[in-house]
file query.txt (compact mmCIF, C-alpha atoms)
# COMPACT_ATOMS: atom_id res chain seq x y z
CA MET A 1 -6.25 24.25 -35.01
CA LYS A 2 -4.96 20.74 -35.64
CA ILE A 3 -4.13 20.40 -31.94
CA ILE A 4 -7.58 21.64 -30.90
CA LYS A 5 -9.22 19.17 -33.29
CA SER A 6 -7.12 16.34 -31.90
CA LEU A 7 -8.00 17.32 -28.33
CA LEU A 8 -11.68 17.48 -29.21
CA ALA A 9 -11.52 14.10 -30.89
CA GLY A 10 -9.77 12.69 -27.82
CA ALA A 11 -12.34 14.17 -25.45
CA SER A 12 -15.17 12.78 -27.57
CA LEU A 13 -13.60 9.34 -27.61
CA ALA A 14 -13.14 9.45 -23.83
CA LEU A 15 -16.80 10.31 -23.41
CA VAL A 16 -17.93 7.53 -25.72
CA ALA A 17 -15.65 5.10 -23.88
CA SER A 18 -17.08 6.04 -20.50
CA ILE A 19 -20.62 5.74 -21.84
CA SER A 20 -19.95 2.31 -23.35
CA GLN A 21 -18.29 1.19 -20.10
CA ALA A 22 -21.36 2.26 -18.16
CA ALA A 23 -23.51 0.13 -20.49
CA THR A 24 -21.46 -3.02 -19.83
CA SER A 25 -23.44 -6.22 -19.41
CA GLY A 26 -22.53 -9.81 -18.64
CA ASN A 27 -23.08 -9.68 -14.89
CA THR A 28 -26.41 -11.52 -14.78
CA MET A 29 -27.58 -14.98 -15.79
CA GLU A 30 -29.54 -13.39 -18.62
CA THR A 31 -26.65 -11.44 -20.09
CA VAL A 32 -23.53 -13.47 -19.30
CA ASP A 33 -22.04 -15.13 -22.38
CA PRO A 34 -18.95 -17.23 -21.57
CA GLU A 35 -17.84 -17.60 -25.17
CA ALA A 36 -18.16 -13.85 -25.78
CA ASP A 37 -16.15 -13.28 -22.59
CA ARG A 38 -13.42 -15.64 -23.80
CA LEU A 39 -13.18 -13.98 -27.20
CA ALA A 40 -13.22 -10.51 -25.63
CA LEU A 41 -10.34 -11.47 -23.34
CA GLN A 42 -8.31 -12.86 -26.22
CA SER A 43 -9.03 -9.74 -28.23
CA PHE A 44 -7.96 -7.56 -25.29
CA PHE A 45 -4.57 -9.28 -25.09
CA GLN A 46 -4.14 -9.40 -28.85
CA LYS A 47 -4.61 -5.63 -29.01
CA ARG A 48 -2.32 -5.05 -26.08
CA PHE A 49 0.46 -7.40 -27.19
CA PRO A 50 -0.08 -7.76 -30.95
CA GLN A 51 3.22 -9.54 -31.47
CA VAL A 52 2.37 -12.41 -29.11
CA PRO A 53 0.58 -15.43 -30.64
CA ILE A 54 -2.41 -16.57 -28.59
CA ASN A 55 -0.95 -20.08 -28.22
CA ASP A 56 2.11 -18.66 -26.48
CA TYR A 57 0.01 -17.39 -23.55
CA VAL A 58 0.35 -20.83 -21.94
CA ASN A 59 3.82 -19.60 -20.97
CA GLY A 60 2.45 -16.76 -18.87
CA ILE A 61 4.66 -13.74 -18.40
CA TYR A 62 7.40 -15.50 -20.40
CA ALA A 63 5.27 -15.01 -23.50
CA LEU A 64 5.36 -11.25 -22.95
CA ASP A 65 8.77 -10.47 -21.52
CA ALA A 66 11.86 -11.60 -23.41
CA PRO A 67 14.44 -11.25 -20.58
CA SER A 68 12.24 -13.26 -18.20
CA ARG A 69 11.73 -15.86 -20.91
CA GLU A 70 15.45 -16.26 -21.38
CA GLN A 71 15.93 -17.03 -17.67
CA TRP A 72 12.93 -19.37 -17.63
CA GLU A 73 14.14 -21.33 -20.64
CA GLU A 74 17.41 -21.93 -18.83
CA ILE A 75 15.49 -23.20 -15.80
CA GLU A 76 13.46 -25.49 -18.04
CA GLU A 77 16.63 -27.12 -19.35
CA PHE A 78 16.71 -28.99 -16.04
CA PRO A 79 13.08 -28.69 -14.89
CA PRO A 80 12.82 -28.37 -11.11
CA TYR A 81 9.56 -30.38 -11.16
CA GLU A 82 11.10 -33.40 -12.90
CA PHE A 83 11.45 -35.54 -9.77
CA ASP A 84 7.94 -34.53 -8.67
CA ILE A 85 6.51 -35.99 -11.88
CA GLU A 86 8.34 -39.25 -11.24
CA GLU A 87 7.12 -39.34 -7.64
CA GLY A 88 3.64 -38.43 -8.84
CA GLU A 89 3.66 -41.37 -11.24
CA THR A 90 4.68 -43.75 -8.44
CA LEU A 91 2.00 -42.36 -6.14
CA PHE A 92 -0.61 -42.54 -8.90
CA ASN A 93 0.18 -46.18 -9.57
CA THR A 94 0.39 -47.26 -5.93
CA ALA A 95 -2.64 -49.33 -5.00
CA PHE A 96 -4.92 -48.28 -2.14
CA ALA A 97 -5.37 -50.62 0.84
CA ASN A 98 -8.41 -52.11 -0.90
CA GLY A 99 -6.37 -53.00 -3.98
CA GLN A 100 -7.92 -50.33 -6.19
CA SER A 101 -6.02 -47.36 -7.62
CA TYR A 102 -6.53 -43.82 -8.93
CA ALA A 103 -6.81 -45.15 -12.46
CA GLY A 104 -10.14 -46.75 -11.58
CA CYS A 105 -11.68 -43.40 -10.70
CA PHE A 106 -11.02 -41.57 -13.96
CA THR A 107 -11.84 -42.00 -17.62
CA ASN A 108 -8.98 -43.39 -19.68
CA GLY A 109 -7.36 -44.59 -16.48
CA GLY A 110 -6.58 -40.97 -15.55
CA ILE A 111 -4.10 -40.56 -18.41
CA GLY A 112 -4.34 -37.52 -20.67
CA ILE A 113 -7.45 -36.05 -19.07
CA ARG A 114 -6.23 -32.84 -17.39
CA GLN A 115 -7.81 -30.71 -20.13
CA ASN A 116 -11.30 -31.76 -19.03
CA PHE A 117 -10.90 -30.26 -15.56
CA PRO A 118 -12.44 -28.47 -13.85
CA ARG A 119 -15.76 -29.85 -14.98
CA TRP A 120 -19.36 -29.32 -13.99
CA ASP A 121 -20.61 -32.44 -12.23
CA GLU A 122 -24.38 -32.61 -12.49
CA SER A 123 -24.80 -35.35 -9.92
CA GLN A 124 -22.83 -33.39 -7.33
CA GLY A 125 -24.25 -30.03 -8.43
CA GLN A 126 -20.83 -28.42 -8.27
CA VAL A 127 -17.58 -27.74 -10.10
CA VAL A 128 -15.12 -30.60 -9.67
CA THR A 129 -11.44 -29.77 -10.02
CA LEU A 130 -8.77 -32.38 -10.66
CA GLU A 131 -7.53 -32.12 -7.08
CA LEU A 132 -11.06 -32.53 -5.72
CA ALA A 133 -11.54 -35.59 -7.94
CA ILE A 134 -8.26 -37.05 -6.65
CA ASN A 135 -9.40 -36.71 -3.05
CA GLN A 136 -12.91 -37.97 -3.84
CA CYS A 137 -11.24 -41.00 -5.38
CA ARG A 138 -9.25 -41.58 -2.21
CA GLU A 139 -12.30 -41.26 0.03
CA ALA A 140 -14.32 -43.58 -2.19
CA ASN A 141 -11.58 -46.16 -1.67
CA GLY A 142 -11.39 -45.73 2.08
CA GLU A 143 -8.29 -43.54 2.13
CA LYS A 144 -7.80 -40.27 3.99
CA LYS A 145 -8.02 -36.99 2.07
CA LEU A 146 -4.75 -35.29 1.13
CA GLY A 147 -3.96 -31.64 1.93
CA TRP A 148 -5.05 -29.39 -0.94
CA LYS A 149 -2.09 -27.12 -1.54
CA LYS A 150 1.18 -29.02 -1.85
CA GLY A 151 2.96 -32.30 -1.38
CA THR A 152 1.36 -35.55 -2.50
CA ILE A 153 -1.73 -34.06 -4.15
CA ALA A 154 0.39 -31.62 -6.17
CA LYS A 155 2.67 -34.45 -7.30
CA ILE A 156 -0.19 -36.66 -8.45
CA SER A 157 -1.81 -33.70 -10.18
CA ALA A 158 1.54 -32.86 -11.81
CA TYR A 159 1.89 -36.37 -13.19
CA MET A 160 -1.66 -36.31 -14.54
CA ALA A 161 -1.03 -32.91 -16.14
CA TYR A 162 2.21 -34.22 -17.62
CA THR A 163 0.39 -37.09 -19.30
CA SER A 164 -1.99 -34.51 -20.79
CA ARG A 165 0.58 -32.12 -22.24
CA ASP A 166 -0.46 -30.59 -25.55
CA ASN A 167 -4.07 -31.67 -25.09
CA VAL A 168 -6.41 -28.74 -25.67
CA PHE A 169 -8.46 -27.37 -22.77
CA ASP A 170 -12.13 -27.93 -23.38
CA VAL A 171 -14.14 -26.89 -20.34
CA LYS A 172 -17.88 -27.09 -20.96
CA ILE A 173 -20.77 -25.18 -19.46
CA PRO A 174 -23.65 -27.57 -20.05
CA ASN A 175 -26.52 -25.87 -18.21
CA ASP A 176 -27.69 -22.90 -16.17
CA LYS A 177 -26.29 -24.23 -12.89
CA ALA A 178 -22.87 -24.49 -14.49
CA LYS A 179 -23.34 -21.02 -15.96
CA ALA A 180 -24.14 -19.69 -12.49
CA ALA A 181 -20.88 -21.20 -11.22
CA TYR A 182 -19.03 -19.59 -14.13
CA LEU A 183 -20.65 -16.23 -13.36
CA ASP A 184 -19.67 -16.55 -9.71
CA GLY A 185 -16.08 -17.22 -10.77
CA LYS A 186 -16.15 -14.27 -13.14
CA GLN A 187 -17.35 -12.05 -10.31
CA SER A 188 -14.64 -13.33 -7.97
CA PHE A 189 -12.00 -12.63 -10.59
CA ASN A 190 -13.09 -9.03 -11.05
CA ALA A 191 -14.13 -8.11 -7.50
CA ARG A 192 -11.72 -6.00 -5.48
CA ARG A 193 -10.78 -7.35 -2.06
CA GLY A 194 -8.27 -6.98 0.73
CA GLN A 195 -6.87 -3.85 2.31
CA LEU A 196 -5.14 -2.96 -0.97
CA ASN A 197 -8.55 -3.06 -2.69
CA MET A 198 -7.37 -5.05 -5.69
CA SER A 199 -8.92 -7.71 -7.88
CA CYS A 200 -7.32 -10.55 -9.85
CA ALA A 201 -8.11 -8.50 -12.95
CA ASN A 202 -6.16 -5.50 -11.68
CA CYS A 203 -2.89 -7.40 -11.88
CA HIS A 204 -3.58 -10.03 -14.51
CA VAL A 205 -5.62 -8.12 -17.12
CA ALA A 206 -4.90 -4.39 -16.96
CA GLY A 207 -1.71 -4.92 -14.94
CA ALA A 208 -0.17 -7.76 -16.96
CA LYS A 209 3.50 -7.01 -17.64
CA ILE A 210 3.41 -3.85 -15.52
CA LEU A 211 5.92 -3.89 -12.69
CA ILE A 212 4.69 -4.35 -9.15
CA ARG A 213 7.88 -3.62 -7.28
CA ALA A 214 10.26 -6.07 -8.96
CA ASP A 215 7.63 -8.46 -10.31
CA LEU A 216 5.83 -8.59 -13.63
CA PRO A 217 2.32 -10.05 -13.26
CA GLY A 218 1.42 -12.62 -15.89
CA PRO A 219 -1.63 -12.42 -18.16
CA THR A 220 -4.73 -14.29 -17.01
CA LEU A 221 -5.04 -15.87 -20.43
CA GLY A 222 -3.22 -19.19 -20.09
CA HIS A 223 -2.94 -18.79 -16.33
CA VAL A 224 -4.21 -22.21 -15.41
CA THR A 225 -2.59 -24.28 -18.17
CA HIS A 226 0.71 -24.86 -16.42
CA PHE A 227 -0.52 -25.81 -12.94
CA PRO A 228 0.54 -27.30 -10.65
CA VAL A 229 3.73 -25.26 -10.65
CA PHE A 230 7.13 -25.42 -9.07
CA ARG A 231 7.60 -21.88 -7.78
CA SER A 232 11.10 -20.75 -6.97
CA LYS A 233 9.61 -18.74 -4.09
CA TRP A 234 8.06 -21.89 -2.61
CA GLY A 235 11.00 -24.10 -3.47
CA GLU A 236 8.49 -26.83 -4.22
CA LEU A 237 5.42 -27.77 -6.18
CA GLY A 238 2.06 -26.19 -5.36
CA THR A 239 -1.49 -26.25 -6.63
CA LEU A 240 -3.48 -23.48 -8.25
CA HIS A 241 -5.52 -22.95 -5.10
CA ARG A 242 -2.34 -22.47 -3.09
CA ARG A 243 -1.48 -19.69 -5.50
CA TYR A 244 -4.96 -18.18 -5.28
CA GLY A 245 -4.60 -17.98 -1.50
CA GLY A 246 -1.18 -16.36 -1.88
CA CYS A 247 -2.57 -13.72 -4.23
CA GLN A 248 -5.35 -12.88 -1.81
CA LYS A 249 -2.83 -12.55 1.03
CA ASN A 250 -0.71 -10.30 -1.17
CA VAL A 251 -3.57 -7.80 -1.35
CA ARG A 252 -3.96 -8.18 2.43
CA GLY A 253 -7.19 -10.11 2.27
CA VAL A 254 -8.04 -13.14 4.37
CA PRO A 255 -7.67 -15.96 1.83
CA GLN A 256 -10.65 -18.06 0.88
CA LYS A 257 -10.54 -21.82 1.33
CA ALA A 258 -8.58 -24.03 -1.05
CA GLN A 259 -11.09 -26.21 -2.92
CA GLY A 260 -13.96 -24.23 -1.39
CA GLU A 261 -16.79 -23.33 -3.74
CA LYS A 262 -15.44 -19.84 -4.45
CA PHE A 263 -12.00 -21.02 -5.59
CA ARG A 264 -13.44 -23.90 -7.61
CA ASN A 265 -15.77 -21.51 -9.41
CA LEU A 266 -12.89 -19.11 -9.97
CA GLU A 267 -10.86 -21.94 -11.50
CA PHE A 268 -13.86 -22.87 -13.66
CA PHE A 269 -14.06 -19.30 -15.00
CA GLN A 270 -10.33 -18.97 -15.52
CA THR A 271 -10.02 -22.30 -17.28
CA TYR A 272 -12.93 -21.55 -19.56
CA MET A 273 -11.11 -18.35 -20.52
CA SER A 274 -8.17 -20.55 -21.56
CA ASN A 275 -10.24 -22.99 -23.62
CA GLY A 276 -8.43 -23.69 -26.87
CA LEU A 277 -4.99 -23.46 -25.27
CA VAL A 278 -2.98 -26.57 -24.45
CA VAL A 279 -2.08 -28.19 -21.16
CA ASN A 280 1.59 -27.53 -20.38
CA GLY A 281 1.70 -28.38 -16.70
CA PRO A 282 3.51 -28.81 -14.53
CA GLY A 283 5.38 -25.57 -15.01
CA ALA A 284 8.18 -23.61 -13.39
CA ARG A 285 7.60 -20.06 -12.19
CA LYS A 286 9.46 -17.47 -10.16
CA MET B 1 -16.12 24.10 -35.41
CA LYS B 2 -17.80 26.26 -32.75
CA LYS B 3 -20.73 23.85 -32.75
CA THR B 4 -18.41 20.90 -32.17
CA ILE B 5 -16.68 22.69 -29.28
CA SER B 6 -20.03 23.55 -27.67
CA LEU B 7 -21.28 19.97 -28.06
CA VAL B 8 -18.20 18.46 -26.49
CA ALA B 9 -18.20 21.07 -23.71
CA ALA B 10 -21.87 20.36 -22.99
CA LEU B 11 -21.26 16.61 -22.90
CA MET B 12 -18.32 17.09 -20.57
CA MET B 13 -20.43 19.25 -18.25
CA ILE B 14 -23.12 16.56 -18.11
CA SER B 15 -20.47 13.96 -17.41
CA GLY B 16 -19.03 16.20 -14.65
CA SER B 17 -22.37 16.81 -12.99
CA VAL B 18 -23.08 13.08 -12.89
CA ALA B 19 -19.77 12.58 -11.12
CA ALA B 20 -20.43 15.31 -8.47
CA GLN B 21 -18.58 14.75 -5.20
CA SER B 22 -20.38 12.50 -2.75
CA PHE B 23 -20.17 12.87 1.03
CA ASP B 24 -17.85 9.85 1.17
CA ASP B 25 -15.53 11.43 -1.39
CA ALA B 26 -15.53 14.72 0.54
CA PHE B 27 -14.94 12.94 3.85
CA ASN B 28 -12.11 10.82 2.44
CA ALA B 29 -10.43 13.85 0.85
CA GLN B 30 -10.62 15.83 4.10
CA ARG B 31 -9.41 12.87 6.13
CA ALA B 32 -6.49 12.31 3.78
CA MET B 33 -5.50 15.98 3.92
CA HIS B 34 -6.02 16.67 7.63
CA GLY B 35 -6.19 13.38 9.50
CA LYS B 36 -8.65 12.85 12.34
CA GLY B 37 -10.15 15.61 14.47
CA HIS B 38 -10.56 18.12 11.64
CA SER B 39 -13.82 20.02 11.00
CA PHE B 40 -15.24 20.64 7.53
CA THR B 41 -18.53 21.54 5.91
CA PHE B 42 -20.36 19.61 3.22
CA GLU B 43 -23.44 21.04 1.56
CA GLY B 44 -23.83 23.54 4.41
CA GLN B 45 -23.53 20.98 7.23
CA ALA B 46 -20.61 20.75 9.66
CA TYR B 47 -18.77 17.45 10.05
CA THR B 48 -15.53 16.15 11.53
CA THR B 49 -13.03 13.78 9.93
CA ASP B 50 -13.36 11.21 12.73
CA HIS B 51 -14.45 7.70 11.89
CA PRO B 52 -17.45 6.43 13.91
CA GLU B 53 -15.12 3.91 15.59
CA GLU B 54 -12.84 6.74 16.75
CA VAL B 55 -15.82 8.61 18.12
CA ALA B 56 -16.91 5.47 19.99
CA ALA B 57 -13.39 5.12 21.43
CA ALA B 58 -13.26 8.74 22.60
CA VAL B 59 -14.68 7.88 26.02
CA GLU B 60 -13.06 7.32 29.39
CA ALA B 61 -10.31 4.72 29.21
CA ASN B 62 -11.25 2.00 31.65
CA ALA B 63 -11.60 -1.76 31.74
CA ALA B 64 -15.34 -1.74 31.06
CA ASN B 65 -15.10 0.50 28.00
CA ALA B 66 -12.06 -1.31 26.63
CA THR B 67 -13.81 -4.66 27.05
CA LYS B 68 -16.93 -3.33 25.35
CA LEU B 69 -14.99 -1.92 22.39
CA LEU B 70 -13.03 -5.14 21.94
CA ALA B 71 -16.25 -7.17 21.95
CA SER B 72 -17.74 -4.81 19.38
CA ALA B 73 -14.64 -5.09 17.16
CA LYS B 74 -14.73 -8.88 17.39
CA ALA B 75 -18.40 -8.92 16.43
CA LYS B 76 -17.72 -6.74 13.40
CA TYR B 77 -14.83 -9.00 12.40
CA ALA B 78 -17.16 -12.00 12.52
CA GLU B 79 -19.54 -10.05 10.27
CA VAL B 80 -16.90 -9.35 7.62
CA LEU B 81 -15.64 -12.94 7.73
CA ALA B 82 -19.19 -14.11 7.13
CA VAL B 83 -19.19 -12.31 3.78
CA ASP B 84 -15.63 -13.53 3.05
CA PHE B 85 -14.07 -10.07 2.78
CA GLY B 86 -11.87 -9.92 5.87
CA TRP B 87 -8.52 -8.16 5.85
CA THR B 88 -5.38 -9.87 7.10
CA LEU B 89 -4.28 -7.22 9.58
CA THR B 90 -7.53 -7.23 11.57
CA LYS B 91 -6.89 -10.49 13.43
CA LYS B 92 -3.50 -9.23 14.57
CA LEU B 93 -5.07 -5.97 15.73
CA LEU B 94 -7.65 -7.85 17.76
CA LYS B 95 -4.88 -9.87 19.42
CA SER B 96 -2.97 -6.67 20.22
CA ALA B 97 -6.09 -5.03 21.64
CA LYS B 98 -6.71 -8.06 23.87
CA LYS B 99 -3.09 -8.09 25.01
CA ALA B 100 -3.21 -4.37 25.86
CA LEU B 101 -6.49 -4.85 27.73
CA GLU B 102 -5.01 -7.67 29.80
CA ALA B 103 -1.98 -5.48 30.56
CA GLY B 104 -4.26 -2.71 31.82
CA GLU B 105 -3.37 -0.40 28.92
CA PHE B 106 -6.96 0.60 28.33
CA ARG B 107 -6.42 3.62 26.08
CA LYS B 108 -4.11 1.64 23.83
CA SER B 109 -6.53 -1.28 23.72
CA MET B 110 -9.47 1.00 22.86
CA ASN B 111 -7.60 2.71 20.05
CA ILE B 112 -6.53 -0.61 18.53
CA SER B 113 -10.05 -2.01 18.85
CA ALA B 114 -11.35 1.05 17.03
CA GLN B 115 -8.87 0.45 14.23
CA ALA B 116 -9.81 -3.22 13.99
CA GLU B 117 -13.51 -2.41 13.84
CA TYR B 118 -12.85 0.19 11.16
CA HIS B 119 -11.03 -2.43 9.05
CA SER B 120 -13.95 -4.80 9.35
CA ARG B 121 -16.48 -2.12 8.49
CA MET B 122 -14.44 -1.17 5.43
CA GLY B 123 -14.27 -4.82 4.41
CA ILE B 124 -18.06 -4.97 4.52
CA VAL B 125 -18.29 -1.74 2.49
CA GLN B 126 -15.85 -3.27 0.01
CA TYR B 127 -17.97 -6.41 -0.22
CA HIS B 128 -21.08 -4.41 -1.12
CA GLN B 129 -19.16 -2.24 -3.60
CA SER B 130 -17.65 -5.31 -5.22
CA GLN B 131 -21.07 -6.90 -5.61
CA ALA B 132 -22.35 -3.82 -7.39
CA GLU B 133 -19.33 -2.68 -9.37
CA TRP B 134 -17.23 -5.73 -10.30
CA ILE B 135 -18.52 -5.78 -13.86
CA MET B 136 -16.92 -2.39 -14.52
CA ALA B 137 -13.49 -4.06 -14.39
CA VAL B 138 -14.24 -6.48 -17.24
CA PRO B 139 -12.62 -5.45 -20.52
CA GLU B 140 -15.04 -4.75 -23.37

call {"tool": "encode", "arguments": {"input": "query.txt", "output": "structure tokens"}}
result
Amino acid sequence: MKIIKSLLAGASLALVASISQAATSGNTMETVDPEADRLALQSFFQKRFPQVPINDYVNGIYALDAPSREQWEEIEEFPPYEFDIEEGETLFNTAFANGQSYAGCFTNGGIGIRQNFPRWDESQGQVVTLELAINQCREANGEKKLGWKKGTIAKISAYMAYTSRDNVFDVKIPNDKAKAAYLDGKQSFNARRGQLNMSCANCHVAGAKILIRADLPGPTLGHVTHFPVFRSKWGELGTLHRRYGGCQKNVRGVPQKAQGEKFRNLEFFQTYMSNGLVVNGPGARK
Amino acid sequence: MKKTISLVAALMMISGSVAAQSFDDAFNAQRAMHGKGHSFTFEGQAYTTDHPEEVAAAVEANAANATKLLASAKAKYAEVLAVDFGWTLTKKLLKSAKKALEAGEFRKSMNISAQAEYHSRMGIVQYHQSQAEWIMAVPE
């Protein structure tokens, strides 16, 4: 009888769960609530990994998997991105042909500001990421745009992130246009795509710390805090949008454009989810 | 206790009836089990497990038909790219279909074009499904 009761209770719970899932909201401008989304995501991970402090999520999979963390900590003893930060600093401080520099384009001379990106820019009517702001700065000073995914832009971004370490992410959604961009990013994150029919959420929410072949996907909470990253697979530094494109290729989808509207909105959503966590970029990953 | 069992059973039956098998589910199950060219019935009607693209390719293999199918596959690929849901393999398939056409391997070209067009059509289906169902993946 005890078993029957347990089975009945289980069946009832499953029914209630499916009913509540069917009643989900948050997919329209009227119902979406970014702060509720952020708290729900934190709560999801807290329930799933109760032993992991929220602040540790900035370390990605290394917050969840002890053996991986051990290896990563050894790598961090001699960080592979160290020279990139130094080069990034030199590049950042090198004057443009017109005598101006990057410092003139950013608040506080570009130092310690990573946590404010991406931000909604009302005058441009779009989400502006740090990399986009770097290239806008160059263009405003008569310089050519840099490539979006690696090399110089990643090094400058790495230096700027480094000067912002331990600053708390504080992405703001000031109006409905910004909220629409957030909602678009939220949709992108959860929409299945590619021949494998998978979404970001498949691997980085439900699938976090579940093996995909030999790899353990990291949790989306804290995903953006350590970018740009030096990936062992790349053997060099790369930007977040380079990684986005790689993920989309992994599920056999044609990747969207780095710094296109879709990826910028996705970064806006993801970073808002990590509000309250600290900047710890650049990072090292597998 | 009996009342509880009946209630749960009734709820489960309602839940089951809501999730009755659609034609797409039936088609996909039959296709997975038997591959193409298999006949089956759904709600009293007879169907085959062939994709529309395979039906379109089941015509005489010649230059005109192969050219037409390749053009159709390219057009469908442009459609799926326009909604940003293309699949990576499709471009390679289109190249292979073109190469086979140029080599006079019309049957091969037509079959590959059919596969490429199917990929693009599925990408478009996926786009529409994603628009409607993405919220279901968000944790409560």

call {"tool": "atom_distance", "arguments": {"input": "query.txt", "atom1": "atom CA of A:Gln270", "atom2": "atom CA of A:Tyr182"}}
result
8.8 Å

call {"tool": "atom_distance", "arguments": {"input": "query.txt", "atom1": "atom CA of A:Arg165", "atom2": "atom CA of A:Asn275"}}
result
14.2 Å

call {"tool": "closest_residue", "arguments": {"input": "query.txt", "among": "A:Gly276, A:Gly99, A:Gly109, A:Pro34", "to": "A:Gly142", "atoms": "all atoms listed in the file"}}
result
A:Gly99

call {"tool": "interface_residues", "arguments": {"input": "query.txt", "of": "chain A", "to": "chain B", "cutoff": "6 Å", "atoms": "only C-alpha atoms", "output": "JSON, numbers by chain"}}
result
{"A": [190, 191, 192, 194, 195, 252, 253, 254]}

call {"tool": "write_last_selection", "arguments": {"input": "query.txt", "atoms": "C-alpha atoms", "output": "CSV table (one decimal), keeping the file's coordinate frame"}}
result
chain,number,residue,atom,x,y,z
A,190,ASN,CA,-13.1,-9.0,-11.0
A,191,ALA,CA,-14.1,-8.1,-7.5
A,192,ARG,CA,-11.7,-6.0,-5.5
A,194,GLY,CA,-8.3,-7.0,0.7
A,195,GLN,CA,-6.9,-3.8,2.3
A,252,ARG,CA,-4.0,-8.2,2.4
A,253,GLY,CA,-7.2,-10.1,2.3
A,254,VAL,CA,-8.0,-13.1,4.4

call {"tool": "closest_residue", "arguments": {"input": "query.txt", "among": "B:Met33, B:Ala46, B:Leu94, B:Met110", "to": "B:Ala64", "atoms": "only C-alpha atoms"}}
result
B:Met110

call {"tool": "closest_residue", "arguments": {"input": "query.txt", "among": "B:Lys108, B:Lys92, B:Lys74, B:Lys99", "to": "B:Ser120", "atoms": "all atoms listed in the file"}}
result
B:Lys74

call {"tool": "atom_distance", "arguments": {"input": "query.txt", "atom1": "atom CA of A:Glu82", "atom2": "atom CA of A:Tyr62"}}
result
19.8 Å

call {"tool": "axis_aligned_box", "arguments": {"input": "query.txt", "around": "stretch 23-42 of chain B", "padding_each_side": "5 Å", "output": "AutoDock Vina command-line options"}}
result
--center_x -12.9 --center_y 15.7 --center_z 6.5 --size_x 24.9 --size_y 21.7 --size_z 25.9

call {"tool": "residues_around", "arguments": {"input": "query.txt", "residues": "A:Ile113", "least_positions_apart": "3", "cutoff": "9 Å", "atoms": "only C-alpha atoms", "output": "PyMOL selection string"}}
result
chain A and resi 106-110+116-117+160-161+163-164+167

call {"tool": "write_last_selection", "arguments": {"input": "query.txt", "atoms": "C-alpha atoms", "output": "mmCIF file, in the frame of the given file"}}
result
data_model
loop_
_atom_site.group_PDB
_atom_site.id
_atom_site.type_symbol
_atom_site.label_atom_id
_atom_site.label_comp_id
_atom_site.auth_asym_id
_atom_site.auth_seq_id
_atom_site.Cartn_x
_atom_site.Cartn_y
_atom_site.Cartn_z
ATOM 1 C CA PHE A 106 -11.020 -41.570 -13.960
ATOM 2 C CA THR A 107 -11.840 -42.000 -17.620
ATOM 3 C CA ASN A 108 -8.980 -43.390 -19.680
ATOM 4 C CA GLY A 109 -7.360 -44.590 -16.480
ATOM 5 C CA GLY A 110 -6.580 -40.970 -15.550
ATOM 6 C CA ASN A 116 -11.300 -31.760 -19.030
ATOM 7 C CA PHE A 117 -10.900 -30.260 -15.560
ATOM 8 C CA MET A 160 -1.660 -36.310 -14.540
ATOM 9 C CA ALA A 161 -1.030 -32.910 -16.140
ATOM 10 C CA THR A 163 0.390 -37.090 -19.300
ATOM 11 C CA SER A 164 -1.990 -34.510 -20.790
ATOM 12 C CA ASN A 167 -4.070 -31.670 -25.090
#

call {"tool": "closest_residue", "arguments": {"input": "query.txt", "among": "A:Leu130, A:Val251, A:Ile173, A:Leu221", "to": "A:Ile156", "atoms": "all atoms listed in the file"}}
result
A:Leu130

call {"tool": "decode", "arguments": {"input": "query.txt", "residues": "stretch 182-190 of chain A", "atoms": "N, CA and C atoms", "output": "tab-separated table (two decimals), in the first residue's frame"}}
result
chain	number	residue	atom	x	y	z
A	182	TYR	N	16.24	42.40	-24.29
A	182	TYR	CA	16.44	41.33	-23.29
A	182	TYR	C	15.57	40.11	-23.64
A	183	LEU	N	14.32	40.38	-23.98
A	183	LEU	CA	13.39	39.29	-24.32
A	183	LEU	C	13.87	38.53	-25.55
A	184	ASP	N	14.39	39.27	-26.52
A	184	ASP	CA	14.93	38.64	-27.72
A	184	ASP	C	16.11	37.73	-27.36
A	185	GLY	N	16.96	38.22	-26.46
A	185	GLY	CA	18.10	37.41	-26.02
A	185	GLY	C	17.64	36.18	-25.26
A	186	LYS	N	16.62	36.36	-24.45
A	186	LYS	CA	16.07	35.23	-23.68
A	186	LYS	C	15.52	34.16	-24.63
A	187	GLN	N	14.85	34.64	-25.68
A	187	GLN	CA	14.31	33.69	-26.66
A	187	GLN	C	15.45	32.95	-27.37
A	188	SER	N	16.46	33.71	-27.77
A	188	SER	CA	17.60	33.07	-28.46
A	188	SER	C	18.23	32.00	-27.58
A	189	PHE	N	18.35	32.30	-26.31
A	189	PHE	CA	19.00	31.37	-25.39
A	189	PHE	C	18.22	30.06	-25.27
A	190	ASN	N	16.91	30.16	-25.36
A	190	ASN	CA	16.08	28.98	-25.12
A	190	ASN	C	15.56	28.29	-26.38
